[in-house]
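To be precise, the following lines are entry.cif, and they hold mmCIF, C-alpha atoms and all ligand atoms.
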data_data
loop_
_atom_site.label_atom_id
_atom_site.label_comp_id
_atom_site.auth_asym_id
_atom_site.auth_seq_id
_atom_site.Cartn_x
_atom_site.Cartn_y
_atom_site.Cartn_z
CA MET A 282 11.26 -10.54 -14.77
CA ASN A 283 13.41 -7.63 -15.79
CA ASN A 284 12.46 -4.47 -17.67
CA LEU A 285 15.88 -4.08 -19.22
CA ASN A 286 16.48 -3.21 -22.81
CA THR A 287 20.08 -3.61 -23.86
CA ASN A 288 20.81 0.05 -23.04
CA GLY A 289 19.33 -0.17 -19.54
CA ALA A 290 16.23 1.84 -20.40
CA TYR A 291 12.93 1.36 -18.63
CA ASP A 292 10.26 -0.56 -20.55
CA ILE A 293 7.58 1.35 -22.43
CA VAL A 294 4.85 0.66 -19.87
CA SER A 295 7.02 2.02 -17.03
CA LYS A 296 7.81 5.11 -19.09
CA LEU A 297 4.19 5.76 -20.05
CA LEU A 298 3.09 5.33 -16.43
CA HIS A 299 5.92 7.53 -15.10
CA TRP A 300 5.12 10.48 -17.35
CA THR A 301 1.31 10.17 -17.28
CA ILE A 302 1.35 10.04 -13.48
CA ALA A 303 3.85 12.93 -13.31
CA VAL A 304 1.52 15.14 -15.39
CA LEU A 305 -1.51 14.06 -13.34
CA LEU A 306 0.20 14.72 -10.00
CA ILE A 307 1.44 18.17 -10.98
CA GLY A 308 -1.98 19.04 -12.44
CA LEU A 309 -3.83 17.76 -9.37
CA ILE A 310 -1.59 19.70 -6.98
CA ALA A 311 -2.13 22.91 -8.99
CA LEU A 312 -5.89 22.24 -9.17
CA GLY A 313 -5.98 21.41 -5.43
CA TRP A 314 -4.36 24.69 -4.48
CA TYR A 315 -6.48 26.63 -6.94
CA MET A 316 -9.76 25.17 -5.71
CA MET A 317 -8.78 25.90 -2.09
CA SER A 318 -8.41 29.56 -3.08
CA ILE A 319 -11.95 29.68 -4.52
CA GLU A 320 -13.69 27.23 -2.18
CA ASP A 321 -16.18 29.81 -0.89
CA GLN A 322 -17.36 30.76 -4.37
CA PRO A 323 -20.69 29.26 -5.51
CA ASP A 324 -19.41 27.47 -8.63
CA SER A 325 -16.27 25.98 -7.02
CA GLY A 326 -18.02 22.57 -6.70
CA TRP A 327 -17.18 21.70 -10.32
CA TYR A 328 -13.44 21.99 -9.59
CA PHE A 329 -13.77 19.74 -6.54
CA LYS A 330 -15.63 17.14 -8.59
CA MET A 331 -12.95 17.24 -11.31
CA HIS A 332 -10.20 16.99 -8.69
CA LYS A 333 -11.80 13.90 -7.12
CA SER A 334 -12.37 12.24 -10.52
CA PHE A 335 -8.84 12.78 -11.82
CA GLY A 336 -7.53 11.93 -8.35
CA LEU A 337 -9.22 8.53 -8.65
CA ILE A 338 -7.75 8.03 -12.13
CA ALA A 339 -4.31 8.88 -10.71
CA ALA A 340 -4.86 6.45 -7.81
CA THR A 341 -5.71 3.62 -10.20
CA LEU A 342 -2.65 4.27 -12.36
CA ILE A 343 -0.40 4.53 -9.27
CA LEU A 344 -1.71 1.20 -8.01
CA PHE A 345 -1.14 -0.41 -11.39
CA ARG A 346 2.34 1.12 -11.54
CA LEU A 347 3.21 -0.30 -8.15
CA ILE A 348 2.17 -3.79 -9.21
CA TRP A 349 4.03 -3.42 -12.52
CA ARG A 350 7.15 -2.25 -10.65
CA LEU A 351 7.08 -5.30 -8.36
CA PHE A 352 7.53 -7.53 -11.42
CA HIS A 353 9.91 -5.28 -13.40
CA THR A 354 13.15 -4.47 -11.59
CA PRO A 355 15.01 -1.56 -13.23
CA ALA A 356 18.53 -1.99 -14.53
CA PRO A 357 21.32 -0.94 -12.16
CA LEU A 358 22.53 2.64 -12.62
CA PRO A 359 25.77 3.13 -14.62
CA SER A 360 28.87 2.25 -12.56
CA SER A 361 30.14 5.83 -12.98
CA ILE A 362 27.59 6.90 -10.37
CA PRO A 363 28.95 7.06 -6.79
CA LEU A 364 27.42 4.52 -4.42
CA TRP A 365 25.93 7.19 -2.15
CA GLN A 366 24.12 8.75 -5.11
CA ALA A 367 22.71 5.42 -6.23
CA LYS A 368 21.50 4.82 -2.65
CA ALA A 369 20.04 8.34 -2.44
CA ALA A 370 18.17 7.77 -5.73
CA ARG A 371 16.75 4.48 -4.44
CA GLY A 372 15.66 6.11 -1.18
CA LEU A 373 14.07 9.04 -3.00
CA HIS A 374 12.22 6.71 -5.40
CA PHE A 375 10.96 4.69 -2.44
CA LEU A 376 9.67 7.85 -0.72
CA LEU A 377 8.05 9.01 -3.97
CA TYR A 378 6.12 5.73 -4.13
CA ILE A 379 5.04 6.02 -0.46
CA PHE A 380 3.76 9.58 -0.81
CA MET A 381 2.25 8.90 -4.25
CA ILE A 382 0.06 6.31 -2.50
CA LEU A 383 -0.72 8.38 0.60
CA MET A 384 -1.78 11.38 -1.51
CA PRO A 385 -4.95 9.95 -3.13
CA LEU A 386 -5.63 7.69 -0.12
CA THR A 387 -5.95 10.64 2.30
CA GLY A 388 -8.02 12.58 -0.28
CA PHE A 389 -10.35 9.63 -0.77
CA LEU A 390 -10.77 9.07 2.99
CA GLY A 391 -11.23 12.80 3.70
CA ALA A 392 -13.92 13.02 1.03
CA SER A 393 -15.57 9.77 2.18
CA PHE A 394 -16.03 11.14 5.71
CA SER A 395 -17.23 14.55 4.41
CA GLU A 396 -20.79 15.60 3.65
CA HIS A 397 -20.05 15.78 -0.10
CA GLY A 398 -18.69 12.24 -0.45
CA VAL A 399 -16.79 10.94 -3.47
CA ASN A 400 -17.79 11.23 -7.11
CA PHE A 401 -16.31 9.96 -10.35
CA PHE A 402 -17.35 12.66 -12.81
CA SER A 403 -21.17 12.70 -12.61
CA LEU A 404 -21.33 9.31 -10.86
CA LYS A 405 -21.74 9.61 -7.10
CA LEU A 406 -19.99 6.70 -5.39
CA PRO A 407 -21.93 4.85 -2.70
CA THR A 408 -21.47 6.04 0.87
CA TRP A 409 -19.59 3.36 2.82
CA ILE A 410 -18.91 5.19 6.06
CA ALA A 411 -20.80 7.57 8.40
CA GLU A 412 -20.14 11.28 7.92
CA ASN A 413 -17.67 12.72 10.44
CA LYS A 414 -16.48 16.29 10.00
CA ASP A 415 -13.57 16.03 12.46
CA ILE A 416 -12.09 12.91 10.91
CA SER A 417 -12.64 14.35 7.43
CA GLU A 418 -10.73 17.51 8.37
CA GLN A 419 -7.86 15.49 9.79
CA PHE A 420 -7.50 13.52 6.58
CA PHE A 421 -7.62 16.72 4.54
CA GLU A 422 -4.99 18.30 6.77
CA ALA A 423 -2.76 15.28 6.10
CA HIS A 424 -3.67 15.54 2.37
CA GLY A 425 -2.42 19.17 2.35
CA ILE A 426 0.82 18.36 4.21
CA ILE A 427 1.55 15.33 2.00
CA ALA A 428 1.15 17.58 -1.06
CA TRP A 429 4.02 19.74 0.25
CA ILE A 430 6.18 16.70 0.97
CA LEU A 431 5.49 15.43 -2.55
CA VAL A 432 6.35 18.82 -4.08
CA THR A 433 9.69 18.76 -2.20
CA LEU A 434 10.48 15.17 -3.28
CA ILE A 435 9.47 15.83 -6.91
CA SER A 436 11.64 18.98 -7.01
CA LEU A 437 14.71 17.12 -5.69
CA HIS A 438 14.00 14.27 -8.11
CA ALA A 439 13.61 16.56 -11.14
CA LEU A 440 16.74 18.54 -10.19
CA ALA A 441 18.72 15.29 -10.01
CA ALA A 442 17.31 14.20 -13.38
CA PHE A 443 18.31 17.53 -14.99
CA LYS A 444 21.77 17.30 -13.42
CA HIS A 445 22.23 13.91 -15.11
CA PHE A 446 21.01 15.34 -18.41
CA PHE A 447 22.87 18.66 -18.53
CA ILE A 448 25.95 18.14 -16.34
CA ASN A 449 26.82 14.44 -16.06
CA LYS A 450 25.52 13.56 -19.56
CA ASP A 451 25.58 9.91 -18.46
CA GLY A 452 22.36 8.72 -20.12
CA VAL A 453 20.42 8.37 -16.85
CA PHE A 454 17.73 10.80 -17.98
CA GLN A 455 17.37 8.91 -21.26
CA ARG A 456 16.61 5.69 -19.35
CA MET A 457 13.20 7.19 -18.58
CA TRP A 458 12.77 9.10 -21.88
CA PHE A 459 11.24 7.84 -25.12
C1 LIG B 501 -2.62 11.92 -6.40
C2 LIG B 501 -3.69 12.52 -6.32
C3 LIG B 501 -3.99 13.82 -5.61
C4 LIG B 501 -3.25 14.97 -5.47
C5 LIG B 501 -1.86 15.25 -5.99
C6 LIG B 501 -4.07 15.91 -4.70
C7 LIG B 501 -3.67 17.19 -4.33
C8 LIG B 501 -4.43 18.06 -3.56
C9 LIG B 501 -4.01 19.34 -3.07
C10 LIG B 501 -2.65 19.98 -3.32
C11 LIG B 501 -5.03 19.88 -2.37
C12 LIG B 501 -5.05 21.23 -1.64
C13 LIG B 501 -4.72 20.95 -0.19
C14 LIG B 501 -4.60 22.17 0.67
O1 LIG B 501 -4.05 23.18 0.23
O2 LIG B 501 -5.06 22.09 1.83
C15 LIG B 501 -6.13 18.94 -2.40
C16 LIG B 501 -7.35 19.13 -1.80
C17 LIG B 501 -8.40 18.24 -1.88
N1 LIG B 501 -8.37 16.99 -2.46
FE1 LIG B 501 -6.82 16.15 -3.41
N2 LIG B 501 -5.26 15.31 -4.42
C18 LIG B 501 -5.26 14.04 -4.95
C19 LIG B 501 -6.25 13.09 -4.89
C20 LIG B 501 -7.50 13.30 -4.33
C21 LIG B 501 -8.57 12.32 -4.31
C22 LIG B 501 -8.49 10.89 -4.87
C23 LIG B 501 -9.63 12.91 -3.69
C24 LIG B 501 -10.99 12.36 -3.41
C25 LIG B 501 -11.55 11.36 -4.03
C26 LIG B 501 -9.22 14.27 -3.34
C27 LIG B 501 -10.03 15.20 -2.72
C28 LIG B 501 -9.64 16.43 -2.32
C29 LIG B 501 -10.51 17.37 -1.65
C30 LIG B 501 -11.99 17.17 -1.32
C31 LIG B 501 -9.73 18.50 -1.34
C32 LIG B 501 -10.17 19.75 -0.59
C33 LIG B 501 -9.77 19.57 0.86
C34 LIG B 501 -10.35 20.59 1.80
O3 LIG B 501 -11.48 21.03 1.56
O4 LIG B 501 -9.67 20.91 2.79
N3 LIG B 501 -7.92 14.46 -3.75
N4 LIG B 501 -5.73 17.84 -3.13
C1 LIG B 502 6.08 14.68 -11.05
C2 LIG B 502 6.17 13.58 -10.43
C3 LIG B 502 7.22 12.52 -10.56
C4 LIG B 502 7.20 11.38 -9.85
C5 LIG B 502 6.18 11.00 -8.79
C6 LIG B 502 8.33 10.57 -10.27
C7 LIG B 502 8.65 9.33 -9.75
C8 LIG B 502 9.67 8.53 -10.16
C9 LIG B 502 9.98 7.24 -9.60
C10 LIG B 502 9.26 6.57 -8.43
C11 LIG B 502 11.05 6.74 -10.28
C12 LIG B 502 11.74 5.41 -10.03
C13 LIG B 502 11.19 4.40 -10.97
C14 LIG B 502 11.53 3.01 -10.49
O1 LIG B 502 12.70 2.64 -10.52
O2 LIG B 502 10.63 2.32 -10.07
C15 LIG B 502 11.40 7.71 -11.28
C16 LIG B 502 12.43 7.58 -12.20
C17 LIG B 502 12.87 8.59 -12.99
N1 LIG B 502 12.33 9.86 -13.11
FE1 LIG B 502 10.68 10.55 -12.18
N2 LIG B 502 9.04 11.24 -11.23
C18 LIG B 502 8.40 12.45 -11.44
C19 LIG B 502 8.80 13.44 -12.31
C20 LIG B 502 9.97 13.42 -13.02
C21 LIG B 502 10.49 14.53 -13.79
C22 LIG B 502 9.83 15.91 -13.90
C23 LIG B 502 11.65 14.09 -14.34
C24 LIG B 502 12.62 14.83 -15.22
C25 LIG B 502 12.90 16.07 -15.14
C26 LIG B 502 11.85 12.72 -13.97
C27 LIG B 502 12.88 11.91 -14.36
C28 LIG B 502 13.09 10.60 -13.99
C29 LIG B 502 14.18 9.76 -14.47
C30 LIG B 502 15.27 10.18 -15.45
C31 LIG B 502 14.05 8.51 -13.85
C32 LIG B 502 14.95 7.28 -14.03
C33 LIG B 502 16.01 7.28 -12.97
C34 LIG B 502 16.85 6.02 -13.05
O3 LIG B 502 17.18 5.59 -14.14
O4 LIG B 502 17.16 5.45 -11.99
N3 LIG B 502 10.81 12.35 -13.15
N4 LIG B 502 10.56 8.79 -11.18
#
Could you rewrite the structure in this file as structure tokens?
Ligand code: HEM
Ligand code: HEM
Amino acid sequence: MNNLNTNGAYDIVSKLLHWTIAVLLIGLIALGWYMMSIEDQPDSGWYFKMHKSFGLIAATLILFRLIWRLFHTPAPLPSSIPLWQAKAARGLHFLLYIFMILMPLTGFLGASFSEHGVNFFSLKLPTWIAENKDISEQFFEAHGIIAWILVTLISLHALAAFKHFFINKDGVFQRMWF
């Protein structure tokens, strides 16, 4: 199946998922850093609970997006784009998908091994694994590093998108816009 409209735009589901997940990821990274700066304060628990809950929502949408993407191949980029740039875009998109998956996965595993466990808003999810502080900390260390990798990839990706919009004016940005 193909998600092509006649102008090469992404289908509406891909667009909605792209922008909803983008907002969630940026919000979760900001919230993650903020809560780390207040983690010793008594009422910081609420922020952690919110982070885990929205993190799980993001994970579900990312999973759905991945499945959707497998059945909806995007249109080729305009032929005006040099081959190396088209390849770079593909590589960057691939890496974005990899780190989009690793981000909530490491958070979920880190929290699962921690004493606090995982919650979805006020619902505490069942414990499925024995508490282990060392393993938990390793997953959270990875979680923190992956956040930086994701920030770098997103920045490169957004810069490229703006370049297409403001400089090349080749309609590539509009493929993902409404
Ligand atoms: C795509 C989704 C997610 C993003 C973008 C994200 C982002 C972040 C960031 C930037 C931090 C701060 C890391 C640091 O500075 O060391 C953080 C910490 C944390 N995240 Fe996530 N996160 C996501 C999903 C999750 C999920 C699904 C869970 C658990 C169910 C989770 C649990 C946590 C916890 C418990 C911390 C605190 C770690 C610590 O105490 O060292 N995160 N997250
Ligand atoms: C914040 C997190 C973001 C993530 C994780 C992300 C991820 C992705 C991914 C994986 C694709 C490829 C879709 C596919 O072919 O399967 C894509 C496409 C696209 N993204 Fe993002 N994106 C983000 C933010 C942004 C922002 C801020 C902009 C604009 C400034 C943007 C503009 C675009 C455009 C224009 C495309 C279509 C490129 C093309 O036609 O080949 N994205 N994005």
Go through chain A and flag each residue having an atom no more than 8 Å from ligand LIG 501 (chain B); for those, report the closest pair of atoms plus their distance in Å to one decimal, using all atoms listed in the file, ordered by chain and rising number, as JSON lines.
{"residue": "A:Leu305", "atom": "CA", "partner": "B:LIG501", "partner_atom": "C1", "distance": 7.3}
{"residue": "A:Leu306", "atom": "CA", "partner": "B:LIG501", "partner_atom": "C5", "distance": 4.5}
{"residue": "A:Ile307", "atom": "CA", "partner": "B:LIG501", "partner_atom": "C5", "distance": 6.7}
{"residue": "A:Gly308", "atom": "CA", "partner": "B:LIG501", "partner_atom": "C5", "distance": 7.5}
{"residue": "A:Leu309", "atom": "CA", "partner": "B:LIG501", "partner_atom": "C5", "distance": 4.6}
{"residue": "A:Ile310", "atom": "CA", "partner": "B:LIG501", "partner_atom": "C10", "distance": 3.8}
{"residue": "A:Ala311", "atom": "CA", "partner": "B:LIG501", "partner_atom": "C10", "distance": 6.4}
{"residue": "A:Leu312", "atom": "CA", "partner": "B:LIG501", "partner_atom": "C9", "distance": 7.0}
{"residue": "A:Gly313", "atom": "CA", "partner": "B:LIG501", "partner_atom": "C11", "distance": 3.6}
{"residue": "A:Trp314", "atom": "CA", "partner": "B:LIG501", "partner_atom": "C12", "distance": 4.5}
{"residue": "A:Tyr315", "atom": "CA", "partner": "B:LIG501", "partner_atom": "C12", "distance": 7.7}
{"residue": "A:Met316", "atom": "CA", "partner": "B:LIG501", "partner_atom": "C12", "distance": 7.4}
{"residue": "A:Met317", "atom": "CA", "partner": "B:LIG501", "partner_atom": "O1", "distance": 5.9}
{"residue": "A:Glu320", "atom": "CA", "partner": "B:LIG501", "partner_atom": "O3", "distance": 7.6}
{"residue": "A:Phe329", "atom": "CA", "partner": "B:LIG501", "partner_atom": "C30", "distance": 6.1}
{"residue": "A:His332", "atom": "CA", "partner": "B:LIG501", "partner_atom": "N3", "distance": 6.0}
{"residue": "A:Lys333", "atom": "CA", "partner": "B:LIG501", "partner_atom": "C25", "distance": 4.0}
{"residue": "A:Ser334", "atom": "CA", "partner": "B:LIG501", "partner_atom": "C25", "distance": 6.6}
{"residue": "A:Phe335", "atom": "CA", "partner": "B:LIG501", "partner_atom": "C22", "distance": 7.2}
{"residue": "A:Gly336", "atom": "CA", "partner": "B:LIG501", "partner_atom": "C22", "distance": 3.8}
{"residue": "A:Leu337", "atom": "CA", "partner": "B:LIG501", "partner_atom": "C22", "distance": 4.5}
{"residue": "A:Ile338", "atom": "CA", "partner": "B:LIG501", "partner_atom": "C22", "distance": 7.8}
{"residue": "A:Ala339", "atom": "CA", "partner": "B:LIG501", "partner_atom": "C1", "distance": 5.5}
{"residue": "A:Ala340", "atom": "CA", "partner": "B:LIG501", "partner_atom": "C1", "distance": 6.1}
{"residue": "A:Met381", "atom": "CA", "partner": "B:LIG501", "partner_atom": "C1", "distance": 6.1}
{"residue": "A:Ile382", "atom": "CA", "partner": "B:LIG501", "partner_atom": "C1", "distance": 7.3}
{"residue": "A:Met384", "atom": "CA", "partner": "B:LIG501", "partner_atom": "C1", "distance": 5.0}
{"residue": "A:Pro385", "atom": "CA", "partner": "B:LIG501", "partner_atom": "C19", "distance": 3.8}
{"residue": "A:Leu386", "atom": "CA", "partner": "B:LIG501", "partner_atom": "C22", "distance": 6.4}
{"residue": "A:Thr387", "atom": "CA", "partner": "B:LIG501", "partner_atom": "C21", "distance": 7.3}
{"residue": "A:Gly388", "atom": "CA", "partner": "B:LIG501", "partner_atom": "C26", "distance": 3.7}
{"residue": "A:Phe389", "atom": "CA", "partner": "B:LIG501", "partner_atom": "C24", "distance": 3.9}
{"residue": "A:Leu390", "atom": "CA", "partner": "B:LIG501", "partner_atom": "C24", "distance": 7.2}
{"residue": "A:Gly391", "atom": "CA", "partner": "B:LIG501", "partner_atom": "C30", "distance": 6.7}
{"residue": "A:Ala392", "atom": "CA", "partner": "B:LIG501", "partner_atom": "C30", "distance": 5.1}
{"residue": "A:Ser393", "atom": "CA", "partner": "B:LIG501", "partner_atom": "C25", "distance": 7.6}
{"residue": "A:Val399", "atom": "CA", "partner": "B:LIG501", "partner_atom": "C25", "distance": 5.3}
{"residue": "A:Asn400", "atom": "CA", "partner": "B:LIG501", "partner_atom": "C25", "distance": 7.0}
{"residue": "A:Glu418", "atom": "CA", "partner": "B:LIG501", "partner_atom": "O4", "distance": 6.6}
{"residue": "A:Phe421", "atom": "CA", "partner": "B:LIG501", "partner_atom": "O4", "distance": 5.0}
{"residue": "A:Glu422", "atom": "CA", "partner": "B:LIG501", "partner_atom": "O2", "distance": 6.2}
{"residue": "A:His424", "atom": "CA", "partner": "B:LIG501", "partner_atom": "C13", "distance": 6.1}
{"residue": "A:Gly425", "atom": "CA", "partner": "B:LIG501", "partner_atom": "C13", "distance": 3.9}
{"residue": "A:Ile426", "atom": "CA", "partner": "B:LIG501", "partner_atom": "O2", "distance": 7.4}
{"residue": "A:Ala428", "atom": "CA", "partner": "B:LIG501", "partner_atom": "C10", "distance": 5.0}
{"residue": "A:Trp429", "atom": "CA", "partner": "B:LIG501", "partner_atom": "C10", "distance": 7.6}
Requested write-out: C-alpha atoms of the selected residues, as a compact mmCIF listing (two decimals), in the frame of the given file:
# COMPACT_ATOMS: atom_id res chain seq x y z
CA LEU A 305 -1.51 14.06 -13.34
CA LEU A 306 0.20 14.72 -10.00
CA ILE A 307 1.44 18.17 -10.98
CA GLY A 308 -1.98 19.04 -12.44
CA LEU A 309 -3.83 17.76 -9.37
CA ILE A 310 -1.59 19.70 -6.98
CA ALA A 311 -2.13 22.91 -8.99
CA LEU A 312 -5.89 22.24 -9.17
CA GLY A 313 -5.98 21.41 -5.43
CA TRP A 314 -4.36 24.69 -4.48
CA TYR A 315 -6.48 26.63 -6.94
CA MET A 316 -9.76 25.17 -5.71
CA MET A 317 -8.78 25.90 -2.09
CA GLU A 320 -13.69 27.23 -2.18
CA PHE A 329 -13.77 19.74 -6.54
CA HIS A 332 -10.20 16.99 -8.69
CA LYS A 333 -11.80 13.90 -7.12
CA SER A 334 -12.37 12.24 -10.52
CA PHE A 335 -8.84 12.78 -11.82
CA GLY A 336 -7.53 11.93 -8.35
CA LEU A 337 -9.22 8.53 -8.65
CA ILE A 338 -7.75 8.03 -12.13
CA ALA A 339 -4.31 8.88 -10.71
CA ALA A 340 -4.86 6.45 -7.81
CA MET A 381 2.25 8.90 -4.25
CA ILE A 382 0.06 6.31 -2.50
CA MET A 384 -1.78 11.38 -1.51
CA PRO A 385 -4.95 9.95 -3.13
CA LEU A 386 -5.63 7.69 -0.12
CA THR A 387 -5.95 10.64 2.30
CA GLY A 388 -8.02 12.58 -0.28
CA PHE A 389 -10.35 9.63 -0.77
CA LEU A 390 -10.77 9.07 2.99
CA GLY A 391 -11.23 12.80 3.70
CA ALA A 392 -13.92 13.02 1.03
CA SER A 393 -15.57 9.77 2.18
CA VAL A 399 -16.79 10.94 -3.47
CA ASN A 400 -17.79 11.23 -7.11
CA GLU A 418 -10.73 17.51 8.37
CA PHE A 421 -7.62 16.72 4.54
CA GLU A 422 -4.99 18.30 6.77
CA HIS A 424 -3.67 15.54 2.37
CA GLY A 425 -2.42 19.17 2.35
CA ILE A 426 0.82 18.36 4.21
CA ALA A 428 1.15 17.58 -1.06
CA TRP A 429 4.02 19.74 0.25
Enumerate, in order of chain and increasing residue number, the residues of chain A with an atom no farther than 9 Å from ligand LIG 502 (chain B), each with its shortest atom pair and distance in Å to one decimal, counting all atoms listed in the file, as a tab-separated table.
residue	atom	partner	partner_atom	distance
A:Gly289	CA	B:LIG502	O3	8.2
A:Ala290	CA	B:LIG502	O3	7.4
A:Tyr291	CA	B:LIG502	O3	7.5
A:Ser295	CA	B:LIG502	C13	7.7
A:Lys296	CA	B:LIG502	C16	8.7
A:His299	CA	B:LIG502	C6	6.2
A:Trp300	CA	B:LIG502	C19	6.9
A:Ile302	CA	B:LIG502	C2	6.7
A:Ala303	CA	B:LIG502	C1	3.6
A:Val304	CA	B:LIG502	C1	6.3
A:Leu305	CA	B:LIG502	C1	8.0
A:Leu306	CA	B:LIG502	C1	6.0
A:Ile307	CA	B:LIG502	C1	5.8
A:Arg346	CA	B:LIG502	O2	8.5
A:Leu347	CA	B:LIG502	O2	8.1
A:Arg350	CA	B:LIG502	O2	5.8
A:Leu351	CA	B:LIG502	O2	8.6
A:His353	CA	B:LIG502	O2	8.3
A:Thr354	CA	B:LIG502	O1	7.2
A:Pro355	CA	B:LIG502	O1	5.5
A:Ala356	CA	B:LIG502	O3	7.7
A:Pro357	CA	B:LIG502	O4	7.6
A:Leu358	CA	B:LIG502	O4	6.1
A:Pro359	CA	B:LIG502	O3	8.9
A:Ala367	CA	B:LIG502	O4	8.0
A:Ala370	CA	B:LIG502	O4	6.8
A:Arg371	CA	B:LIG502	O1	7.5
A:Leu373	CA	B:LIG502	C10	7.7
A:His374	CA	B:LIG502	C10	4.2
A:Phe375	CA	B:LIG502	C10	6.5
A:Leu376	CA	B:LIG502	C10	7.8
A:Leu377	CA	B:LIG502	C10	5.2
A:Tyr378	CA	B:LIG502	C10	5.4
A:Phe380	CA	B:LIG502	C5	8.5
A:Met381	CA	B:LIG502	C5	6.4
A:Leu431	CA	B:LIG502	C5	7.7
A:Val432	CA	B:LIG502	C1	8.1
A:Leu434	CA	B:LIG502	C5	8.1
A:Ile435	CA	B:LIG502	C2	5.3
A:Ser436	CA	B:LIG502	C22	7.8
A:His438	CA	B:LIG502	N3	6.3
A:Ala439	CA	B:LIG502	C25	4.1
A:Leu440	CA	B:LIG502	C25	6.7
A:Ala441	CA	B:LIG502	C25	7.8
A:Ala442	CA	B:LIG502	C30	5.0
A:Phe443	CA	B:LIG502	C25	5.6
A:His445	CA	B:LIG502	C30	7.9
A:Phe446	CA	B:LIG502	C30	8.3
A:Gly452	CA	B:LIG502	O3	8.5
A:Val453	CA	B:LIG502	O3	5.1
A:Phe454	CA	B:LIG502	C30	3.6
A:Gln455	CA	B:LIG502	C30	6.3
A:Arg456	CA	B:LIG502	O3	5.2
A:Met457	CA	B:LIG502	C30	4.8
A:Trp458	CA	B:LIG502	C30	7.0
- Point-to-point distance from atom CA of Ser417 of chain A to atom CA of Phe345 of chain A, Å rounded to tenths: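 Atom-to-atom, atom CA of Ser417 of chain A to atom CA of Phe345 of chain A, that is 26.5 Å.
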- Message: Just the number, please: distance in Å from atom CA of Ile379 of chain A to atom CA of Ile427 of chain A, one decimal.
- Response: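 Separation between atom CA of Ile379 of chain A and atom CA of Ile427 of chain A: 10.2 Å.
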